[in-house]
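Trainee: Pasting structure_34.cif here (mmCIF, C-alpha atoms):
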```cif
data_protein
#
loop_
_atom_site.label_atom_id
_atom_site.label_comp_id
_atom_site.auth_asym_id
_atom_site.auth_seq_id
_atom_site.Cartn_x
_atom_site.Cartn_y
_atom_site.Cartn_z
CA MET A 990 100.94 273.46 10.10
CA GLU A 991 102.53 272.13 13.27
CA ASP A 992 102.40 268.35 13.69
CA ASN A 993 100.65 267.50 16.97
CA THR A 994 101.30 263.76 16.69
CA ALA A 995 103.15 262.26 19.66
CA ILE A 996 103.25 258.63 18.49
CA SER A 997 102.93 257.28 14.95
CA PHE A 998 103.09 253.66 13.74
CA ALA A 999 103.10 252.85 10.01
CA ASN A 1000 102.75 249.17 9.03
CA VAL A 1001 104.75 248.07 12.09
CA ALA A 1002 105.41 244.42 12.87
CA ALA A 1003 107.30 242.96 15.84
CA ARG A 1004 108.67 239.54 16.74
CA TYR A 1005 111.10 238.01 19.23
CA GLU A 1006 114.08 235.78 18.35
CA HIS A 1007 112.98 234.85 14.85
CA GLY A 1008 109.58 233.64 16.07
CA ALA A 1009 106.17 234.46 14.64
CA ASP A 1010 105.02 238.06 14.62
CA VAL A 1011 103.57 239.27 17.92
CA LEU A 1012 102.21 242.34 16.12
CA THR A 1013 101.48 242.62 12.39
CA ASP A 1014 100.81 245.63 10.14
CA VAL A 1015 100.06 248.04 13.00
CA SER A 1016 99.29 251.62 11.92
CA PHE A 1017 97.93 254.47 14.04
CA ASN A 1018 98.56 258.06 15.12
CA ILE A 1019 98.16 259.34 18.68
CA SER A 1020 97.96 263.07 19.22
CA ALA A 1021 99.91 264.81 21.95
CA GLY A 1022 97.84 265.10 25.11
CA ALA A 1023 95.62 262.06 24.41
CA PHE A 1024 94.67 259.46 27.01
CA TYR A 1025 94.08 255.86 25.89
CA PHE A 1026 93.52 252.53 27.55
CA LEU A 1027 95.38 249.63 25.95
CA SER A 1028 93.36 246.44 26.12
CA GLY A 1029 93.79 242.84 25.04
CA ALA A 1030 94.13 239.29 26.32
CA SER A 1031 97.32 238.15 28.05
CA GLY A 1032 99.98 237.56 25.41
CA ALA A 1033 98.14 239.63 22.79
CA GLY A 1034 101.02 242.07 22.47
CA LYS A 1035 100.17 244.96 24.81
CA THR A 1036 103.57 244.97 26.52
CA THR A 1037 105.34 244.60 23.16
CA LEU A 1038 103.51 247.68 21.89
CA LEU A 1039 104.66 249.68 24.92
CA ARG A 1040 108.23 248.41 24.50
CA LEU A 1041 108.20 249.53 20.86
CA ILE A 1042 107.13 253.03 21.84
CA TYR A 1043 109.75 253.28 24.58
CA GLN A 1044 112.46 252.01 22.21
CA LEU A 1045 113.16 248.87 24.20
CA HIS A 1046 112.41 246.72 21.16
CA ALA A 1047 112.94 247.41 17.46
CA PRO A 1048 110.20 246.63 14.93
CA SER A 1049 110.83 243.86 12.41
CA ALA A 1050 109.00 245.93 9.77
CA GLY A 1051 107.44 249.36 9.35
CA GLN A 1052 108.27 252.73 10.85
CA ILE A 1053 107.72 254.34 14.24
CA LYS A 1054 107.81 258.10 14.75
CA LEU A 1055 107.98 259.80 18.14
CA PHE A 1056 107.32 263.53 18.40
CA GLY A 1057 107.29 263.63 14.59
CA LYS A 1058 110.73 262.07 14.09
CA PRO A 1059 111.45 258.58 12.68
CA THR A 1060 113.17 256.24 15.12
CA ASP A 1061 114.66 253.75 12.66
CA GLY A 1062 118.45 253.90 12.59
CA ILE A 1063 118.81 256.43 15.40
CA SER A 1064 121.83 256.32 17.70
CA ARG A 1065 121.94 255.29 21.35
CA ASP A 1066 122.33 258.92 22.35
CA GLU A 1067 119.23 259.83 20.35
CA ILE A 1068 117.29 256.99 21.97
CA ALA A 1069 118.41 258.22 25.39
CA ALA A 1070 117.23 261.72 24.49
CA LEU A 1071 113.83 260.38 23.46
CA ARG A 1072 113.49 258.45 26.71
CA GLN A 1073 114.15 261.66 28.64
CA LYS A 1074 110.72 262.76 27.35
CA MET A 1075 108.98 259.53 28.33
CA ALA A 1076 108.35 257.38 31.38
CA ILE A 1077 107.24 253.77 31.63
CA VAL A 1078 105.79 251.67 34.43
CA PHE A 1079 105.99 247.90 34.01
CA GLN A 1080 104.30 245.16 36.04
CA GLU A 1081 107.62 243.97 37.50
CA TYR A 1082 108.28 247.36 39.19
CA SER A 1083 112.02 247.45 38.20
CA LEU A 1084 113.07 249.02 41.49
CA LEU A 1085 116.75 249.04 42.49
CA SER A 1086 117.12 246.96 45.66
CA HIS A 1087 120.37 248.67 46.74
CA LEU A 1088 118.62 252.08 46.90
CA THR A 1089 116.02 253.28 49.39
CA VAL A 1090 112.51 254.14 48.28
CA PHE A 1091 113.47 257.83 48.33
CA ASP A 1092 116.58 257.25 46.20
CA ASN A 1093 114.69 255.10 43.70
CA ILE A 1094 112.23 257.93 43.08
CA ALA A 1095 114.94 260.60 43.10
CA LEU A 1096 117.15 258.77 40.60
CA PRO A 1097 115.73 260.23 37.35
CA LEU A 1098 115.91 263.74 38.80
CA ARG A 1099 119.54 263.24 39.83
CA VAL A 1100 120.36 261.98 36.35
CA ARG A 1101 118.99 265.29 35.08
CA GLY A 1102 121.21 267.20 37.50
CA LEU A 1103 118.53 268.89 39.59
CA PRO A 1104 119.52 270.49 42.91
CA GLU A 1105 119.18 268.18 45.91
CA ALA A 1106 117.05 270.70 47.83
CA LYS A 1107 114.38 270.63 45.12
CA ILE A 1108 114.68 266.88 44.68
CA LYS A 1109 114.04 266.39 48.41
CA LYS A 1110 110.93 268.58 48.34
CA LEU A 1111 109.46 267.02 45.22
CA VAL A 1112 110.13 263.40 46.22
CA ALA A 1113 108.58 264.04 49.63
CA LYS A 1114 105.42 265.43 48.02
CA VAL A 1115 105.10 262.58 45.53
CA LEU A 1116 105.62 260.01 48.31
CA GLU A 1117 102.90 261.72 50.33
CA TRP A 1118 100.54 261.65 47.37
CA VAL A 1119 100.95 257.93 46.69
CA GLY A 1120 100.51 257.19 50.41
CA LEU A 1121 104.09 256.16 51.16
CA GLY A 1122 105.37 259.20 53.04
CA LYS A 1123 106.64 257.15 55.97
CA TYR A 1124 108.55 254.72 53.73
CA ALA A 1125 111.13 257.12 52.31
CA ASP A 1126 114.05 255.33 53.98
CA ALA A 1127 112.70 251.82 53.49
CA ASP A 1128 114.28 249.01 51.49
CA PRO A 1129 111.96 248.41 48.48
CA ARG A 1130 112.16 244.66 49.14
CA SER A 1131 110.41 245.18 52.48
CA LEU A 1132 107.30 246.60 50.80
CA SER A 1133 104.26 244.75 49.53
CA GLY A 1134 103.73 244.31 45.81
CA GLY A 1135 101.16 247.10 45.74
CA GLN A 1136 103.50 249.45 47.60
CA GLN A 1137 106.34 248.67 45.22
CA GLN A 1138 104.05 249.45 42.31
CA ARG A 1139 103.27 252.85 43.81
CA VAL A 1140 107.00 253.57 44.16
CA SER A 1141 107.47 252.62 40.51
CA VAL A 1142 104.65 254.96 39.46
CA ALA A 1143 106.02 257.79 41.63
CA ARG A 1144 109.44 257.44 39.96
CA ALA A 1145 107.81 257.59 36.53
CA ILE A 1146 105.59 260.62 37.04
CA ILE A 1147 108.12 262.71 38.96
CA VAL A 1148 109.94 263.72 35.75
CA GLN A 1149 106.74 265.15 34.21
CA PRO A 1150 107.08 263.11 31.01
CA SER A 1151 105.55 264.09 27.68
CA ILE A 1152 104.52 260.45 27.21
CA LEU A 1153 103.59 258.12 30.08
CA LEU A 1154 103.28 254.38 29.37
CA ALA A 1155 101.82 252.15 32.08
CA ASP A 1156 101.50 248.36 31.95
CA GLU A 1157 98.80 247.19 34.40
CA PRO A 1158 99.80 249.80 37.04
CA THR A 1159 96.71 249.16 39.17
CA GLY A 1160 96.85 245.36 38.97
CA ASN A 1161 98.09 244.87 42.55
CA LEU A 1162 96.19 247.74 44.16
CA ASP A 1163 92.90 247.96 46.01
CA ASP A 1164 90.16 250.26 44.70
CA GLU A 1165 91.22 253.26 46.79
CA ASN A 1166 94.85 253.22 45.70
CA ALA A 1167 93.90 252.33 42.12
CA SER A 1168 91.64 255.39 42.08
CA ARG A 1169 94.41 257.52 43.55
CA LEU A 1170 96.80 256.52 40.76
CA MET A 1171 94.18 256.90 38.04
CA GLU A 1172 93.35 260.40 39.20
CA LEU A 1173 97.05 261.27 39.23
CA PHE A 1174 97.43 260.04 35.64
CA ILE A 1175 94.33 261.98 34.61
CA GLN A 1176 95.57 265.17 36.21
CA MET A 1177 98.97 264.76 34.56
CA ASN A 1178 97.14 264.47 31.27
CA ARG A 1179 94.99 267.53 31.91
CA LEU A 1180 97.46 269.85 33.62
CA PHE A 1181 100.67 268.95 31.80
CA GLY A 1182 99.28 267.66 28.51
CA THR A 1183 101.00 264.31 29.11
CA THR A 1184 100.10 261.65 26.54
CA VAL A 1185 99.02 258.58 28.54
CA ILE A 1186 98.69 254.98 27.36
CA LEU A 1187 97.57 252.69 30.16
CA ALA A 1188 97.45 248.93 29.52
CA THR A 1189 94.78 247.02 31.41
CA HIS A 1190 92.38 244.13 31.02
CA ASN A 1191 90.23 245.40 33.90
CA HIS A 1192 86.80 246.26 32.46
CA LYS A 1193 85.69 247.73 35.77
CA LEU A 1194 88.43 250.33 35.47
CA MET A 1195 87.60 251.12 31.84
CA ASP A 1196 83.87 251.39 32.65
CA THR A 1197 84.58 254.02 35.29
CA TYR A 1198 87.15 256.09 33.40
CA LYS A 1199 85.69 256.26 29.90
CA PHE A 1200 88.76 256.90 27.78
CA PRO A 1201 89.02 255.47 24.25
CA VAL A 1202 90.61 252.04 23.94
CA ILE A 1203 93.42 250.71 21.77
CA LYS A 1204 92.51 247.04 21.41
CA VAL A 1205 95.17 244.45 20.57
CA GLU A 1206 93.70 241.30 19.04
CA ASN A 1207 94.94 238.70 16.55
CA HIS A 1208 98.31 240.49 16.29
CA ARG A 1209 96.64 243.69 15.11
CA VAL A 1210 95.50 246.93 16.69
CA GLY A 1211 92.11 248.63 16.51
CA PHE A 1212 90.53 251.63 18.20
CA VAL A 1213 87.18 251.53 19.96
CA VAL A 1214 85.08 254.15 21.70
CA ASN A 1215 84.77 253.27 25.36
CA ALA A 1216 81.24 252.91 26.69
CA PRO A 1217 80.20 251.75 30.18
CA THR A 1218 78.93 248.21 30.62
CA LYS A 1219 75.52 247.90 32.28
CA PRO A 1220 75.52 245.79 35.45
CA ALA A 1221 73.76 242.45 35.32
CA LYS A 1222 70.28 242.16 36.84
CA GLY A 1223 70.50 242.38 40.61
CA GLU A 1224 74.10 243.59 40.51
CA SER A 1225 75.03 247.10 41.60
CA ALA A 1226 77.11 249.33 39.38
CA LYS A 1227 80.84 248.85 39.84
CA VAL A 1228 82.75 252.02 40.56
CA TRP A 1229 86.12 252.83 42.00
CA LYS A 1230 86.04 254.55 45.36
CA GLY A 1231 88.91 256.78 46.33
CA PRO A 1232 90.19 260.32 46.72
CA LYS A 1233 90.31 262.75 43.84
CA PRO A 1234 92.90 265.27 45.06
CA GLN A 1235 92.97 267.73 42.16
CA ASN A 1236 93.94 270.57 44.46
CA TYR A 1237 96.94 268.66 45.74
CA PHE A 1238 98.05 267.81 42.23
CA ALA A 1239 97.81 271.47 41.25
CA GLU A 1240 100.22 272.18 44.12
CA LEU A 1241 102.48 269.42 42.85
CA SER A 1242 102.43 270.94 39.36
CA LYS A 1243 103.77 274.19 40.83
CA GLN A 1244 106.71 272.22 42.22
CA PHE A 1245 107.37 270.92 38.70
CA ASP A 1246 107.24 274.50 37.42
CA ASP A 1247 109.76 275.58 40.07
CA ILE A 1248 112.11 272.82 39.00
CA GLY A 1249 111.72 273.62 35.31
CA ASN A 1250 112.61 277.26 35.96
CA ALA A 1251 115.66 276.45 38.09
#
```
Write out the structure in this file as structure tokens.

Mentor:
Amino acid sequence: MEDNTAISFANVAARYEHGADVLTDVSFNISAGAFYFLSGASGAGKTTLLRLIYQLHAPSAGQIKLFGKPTDGISRDEIAALRQKMAIVFQEYSLLSHLTVFDNIALPLRVRGLPEAKIKKLVAKVLEWVGLGKYADADPRSLSGGQQQRVSVARAIIVQPSILLADEPTGNLDDENASRLMELFIQMNRLFGTTVILATHNHKLMDTYKFPVIKVENHRVGFVVNAPTKPAKGESAKVWKGPKPQNYFAELSKQFDDIGNA
């Protein structure tokens, strides 16, 4: 029987510089194509969990498997190959200040050796989708924090990753742009089968998009079924308001198909 597990943790612990464990005895399996929120208080270990998955940090105990293969003891080349199948969006954006917005987003495609003509078309479409079409030639440092976050997300999703990890990607965005990004992540999950783990402490977001939750608490991880929170008496229901451009994303997926068949 084919193993459909994208991410597997078995008794994993993690610490930094000989300090106390940030995570302890973490075990779970996430199937390919799943969508989870990752929730927990600041400092609980959400970012550490994402870093472990992306191979930016090694566990102090236990075993991690990605796509069915153990990651302990693998070479740098093997780590690089794994990261080719993943994308990550951190709170600090990690944009390269010496490159334009266009070149920041195009970078992972150029690393993969795609033709410039297709790169130009795809980057233009992704920029249009995240509402930054007129900023292609801009210096990232001239953009607002929310705009920089959208560039970071665009760079991540443009490679059509098998696993997408996002650390508070909507934290600096208004409701409309937060909704735009959430719908893009959802459509990636549905159309491409991308496994999505999105870290957030925003209950309003989780109430609207009712995906299951990985909860980090007391150095451990648990899974909870997401259910909407009822508004308090006299308070209206909180919902995100924004576009849901499924048709546009379907068009974008065709561009990915064109690139994959090149």

Trainee: Please indicate the distance in Å from atom CA of A:Ile1175 to atom CA of A:Leu1187, rounded to one decimal place.

Mentor: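 Pair atom CA of A:Ile1175 / atom CA of A:Leu1187 returns 10.8 Å.
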
Trainee: Kindly indicate which residue among A:Arg1040, A:Arg1065, A:Lys1204, A:Lys1109 lies nearest to A:Arg1004, using only C-alpha atoms for the distances.

Mentor: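 Of all the options, A:Arg1040 lies closest to A:Arg1004.
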
Trainee: With all atoms listed in the file counted, which protein, DNA or RNA residues have an atom no more than 7 Å from (112.5, 247.0, 44.1) in the file frame? Please answer as a list in words.

Mentor: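 Those within range, by chain then number, are Tyr1082, Ser1083, Leu1084, Leu1085, Ser1086, Pro1129, Arg1130 and Gln1137 of chain A.
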
Trainee: Residues of stretch 1014-1074 of chain A within 7 Å of stretch 1143-1157 of chain A: nearest atom pair and distance (Å, one decimal) for each, counting only C-alpha atoms, sorted by chain and number, as a Markdown table?

Mentor:
```
| residue | atom | partner | partner_atom | distance |
| --- | --- | --- | --- | --- |
| A:Thr1036 | CA | A:Asp1156 | CA | 6.7 |
| A:Leu1039 | CA | A:Leu1154 | CA | 6.6 |
| A:Lys1074 | CA | A:Pro1150 | CA | 5.2 |
```

Trainee: Could you write out as number ranges by chain the residues that the PyMOL selection byres ((chain A and resi 1093-1106) around 12) matches in the shown file?

Mentor: A: 1069-1070, 1072-1076, 1082-1092, 1107-1116, 1119, 1121, 1124-1129, 1137-1150, 1244-1245, 1247-1251

Trainee: Go ahead and save the residues from that selection, with C-alpha atoms, as a PDB file, in the frame of the given file.

Mentor:
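Done, and the output landed in result-v6.pdb:
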```pdb
ATOM      1  CA  ALA A1069     118.410 258.220  25.390  1.00  0.00           C
ATOM      2  CA  ALA A1070     117.230 261.720  24.490  1.00  0.00           C
ATOM      3  CA  ARG A1072     113.490 258.450  26.710  1.00  0.00           C
ATOM      4  CA  GLN A1073     114.150 261.660  28.640  1.00  0.00           C
ATOM      5  CA  LYS A1074     110.720 262.760  27.350  1.00  0.00           C
ATOM      6  CA  MET A1075     108.980 259.530  28.330  1.00  0.00           C
ATOM      7  CA  ALA A1076     108.350 257.380  31.380  1.00  0.00           C
ATOM      8  CA  TYR A1082     108.280 247.360  39.190  1.00  0.00           C
ATOM      9  CA  SER A1083     112.020 247.450  38.200  1.00  0.00           C
ATOM     10  CA  LEU A1084     113.070 249.020  41.490  1.00  0.00           C
ATOM     11  CA  LEU A1085     116.750 249.040  42.490  1.00  0.00           C
ATOM     12  CA  SER A1086     117.120 246.960  45.660  1.00  0.00           C
ATOM     13  CA  HIS A1087     120.370 248.670  46.740  1.00  0.00           C
ATOM     14  CA  LEU A1088     118.620 252.080  46.900  1.00  0.00           C
ATOM     15  CA  THR A1089     116.020 253.280  49.390  1.00  0.00           C
ATOM     16  CA  VAL A1090     112.510 254.140  48.280  1.00  0.00           C
ATOM     17  CA  PHE A1091     113.470 257.830  48.330  1.00  0.00           C
ATOM     18  CA  ASP A1092     116.580 257.250  46.200  1.00  0.00           C
ATOM     19  CA  LYS A1107     114.380 270.630  45.120  1.00  0.00           C
ATOM     20  CA  ILE A1108     114.680 266.880  44.680  1.00  0.00           C
ATOM     21  CA  LYS A1109     114.040 266.390  48.410  1.00  0.00           C
ATOM     22  CA  LYS A1110     110.930 268.580  48.340  1.00  0.00           C
ATOM     23  CA  LEU A1111     109.460 267.020  45.220  1.00  0.00           C
ATOM     24  CA  VAL A1112     110.130 263.400  46.220  1.00  0.00           C
ATOM     25  CA  ALA A1113     108.580 264.040  49.630  1.00  0.00           C
ATOM     26  CA  LYS A1114     105.420 265.430  48.020  1.00  0.00           C
ATOM     27  CA  VAL A1115     105.100 262.580  45.530  1.00  0.00           C
ATOM     28  CA  LEU A1116     105.620 260.010  48.310  1.00  0.00           C
ATOM     29  CA  VAL A1119     100.950 257.930  46.690  1.00  0.00           C
ATOM     30  CA  LEU A1121     104.090 256.160  51.160  1.00  0.00           C
ATOM     31  CA  TYR A1124     108.550 254.720  53.730  1.00  0.00           C
ATOM     32  CA  ALA A1125     111.130 257.120  52.310  1.00  0.00           C
ATOM     33  CA  ASP A1126     114.050 255.330  53.980  1.00  0.00           C
ATOM     34  CA  ALA A1127     112.700 251.820  53.490  1.00  0.00           C
ATOM     35  CA  ASP A1128     114.280 249.010  51.490  1.00  0.00           C
ATOM     36  CA  PRO A1129     111.960 248.410  48.480  1.00  0.00           C
ATOM     37  CA  GLN A1137     106.340 248.670  45.220  1.00  0.00           C
ATOM     38  CA  GLN A1138     104.050 249.450  42.310  1.00  0.00           C
ATOM     39  CA  ARG A1139     103.270 252.850  43.810  1.00  0.00           C
ATOM     40  CA  VAL A1140     107.000 253.570  44.160  1.00  0.00           C
ATOM     41  CA  SER A1141     107.470 252.620  40.510  1.00  0.00           C
ATOM     42  CA  VAL A1142     104.650 254.960  39.460  1.00  0.00           C
ATOM     43  CA  ALA A1143     106.020 257.790  41.630  1.00  0.00           C
ATOM     44  CA  ARG A1144     109.440 257.440  39.960  1.00  0.00           C
ATOM     45  CA  ALA A1145     107.810 257.590  36.530  1.00  0.00           C
ATOM     46  CA  ILE A1146     105.590 260.620  37.040  1.00  0.00           C
ATOM     47  CA  ILE A1147     108.120 262.710  38.960  1.00  0.00           C
ATOM     48  CA  VAL A1148     109.940 263.720  35.750  1.00  0.00           C
ATOM     49  CA  GLN A1149     106.740 265.150  34.210  1.00  0.00           C
ATOM     50  CA  PRO A1150     107.080 263.110  31.010  1.00  0.00           C
ATOM     51  CA  GLN A1244     106.710 272.220  42.220  1.00  0.00           C
ATOM     52  CA  PHE A1245     107.370 270.920  38.700  1.00  0.00           C
ATOM     53  CA  ASP A1247     109.760 275.580  40.070  1.00  0.00           C
ATOM     54  CA  ILE A1248     112.110 272.820  39.000  1.00  0.00           C
ATOM     55  CA  GLY A1249     111.720 273.620  35.310  1.00  0.00           C
ATOM     56  CA  ASN A1250     112.610 277.260  35.960  1.00  0.00           C
ATOM     57  CA  ALA A1251     115.660 276.450  38.090  1.00  0.00           C
TER      58      ALA A1251
END
```

Trainee: I'd like the residues picked by the PyMOL selection byres ((chain A and resi 1026) around 7) written out as a list in words, using the chain letters and numbers from the file.

Mentor: Tyr1025, Leu1027, Ser1028, Ile1186, Leu1187, Ala1188, Thr1189, Phe1200, Pro1201, Val1202 and Ile1203 of chain A

Trainee: Atom CA of A:Leu1180 and atom CA of A:Thr1037, how far apart in Å?

Mentor: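 Atom CA of A:Leu1180 lies 28.4 Å from atom CA of A:Thr1037.
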
Trainee: Written as a list in words, which residues does the PyMOL selection byres ((chain A and resi 1030) around 8) give for the file shown?

Mentor: Ser1028, Gly1029, Ser1031, Gly1032, Ala1033, His1190, Val1205 and Glu1206 of chain A
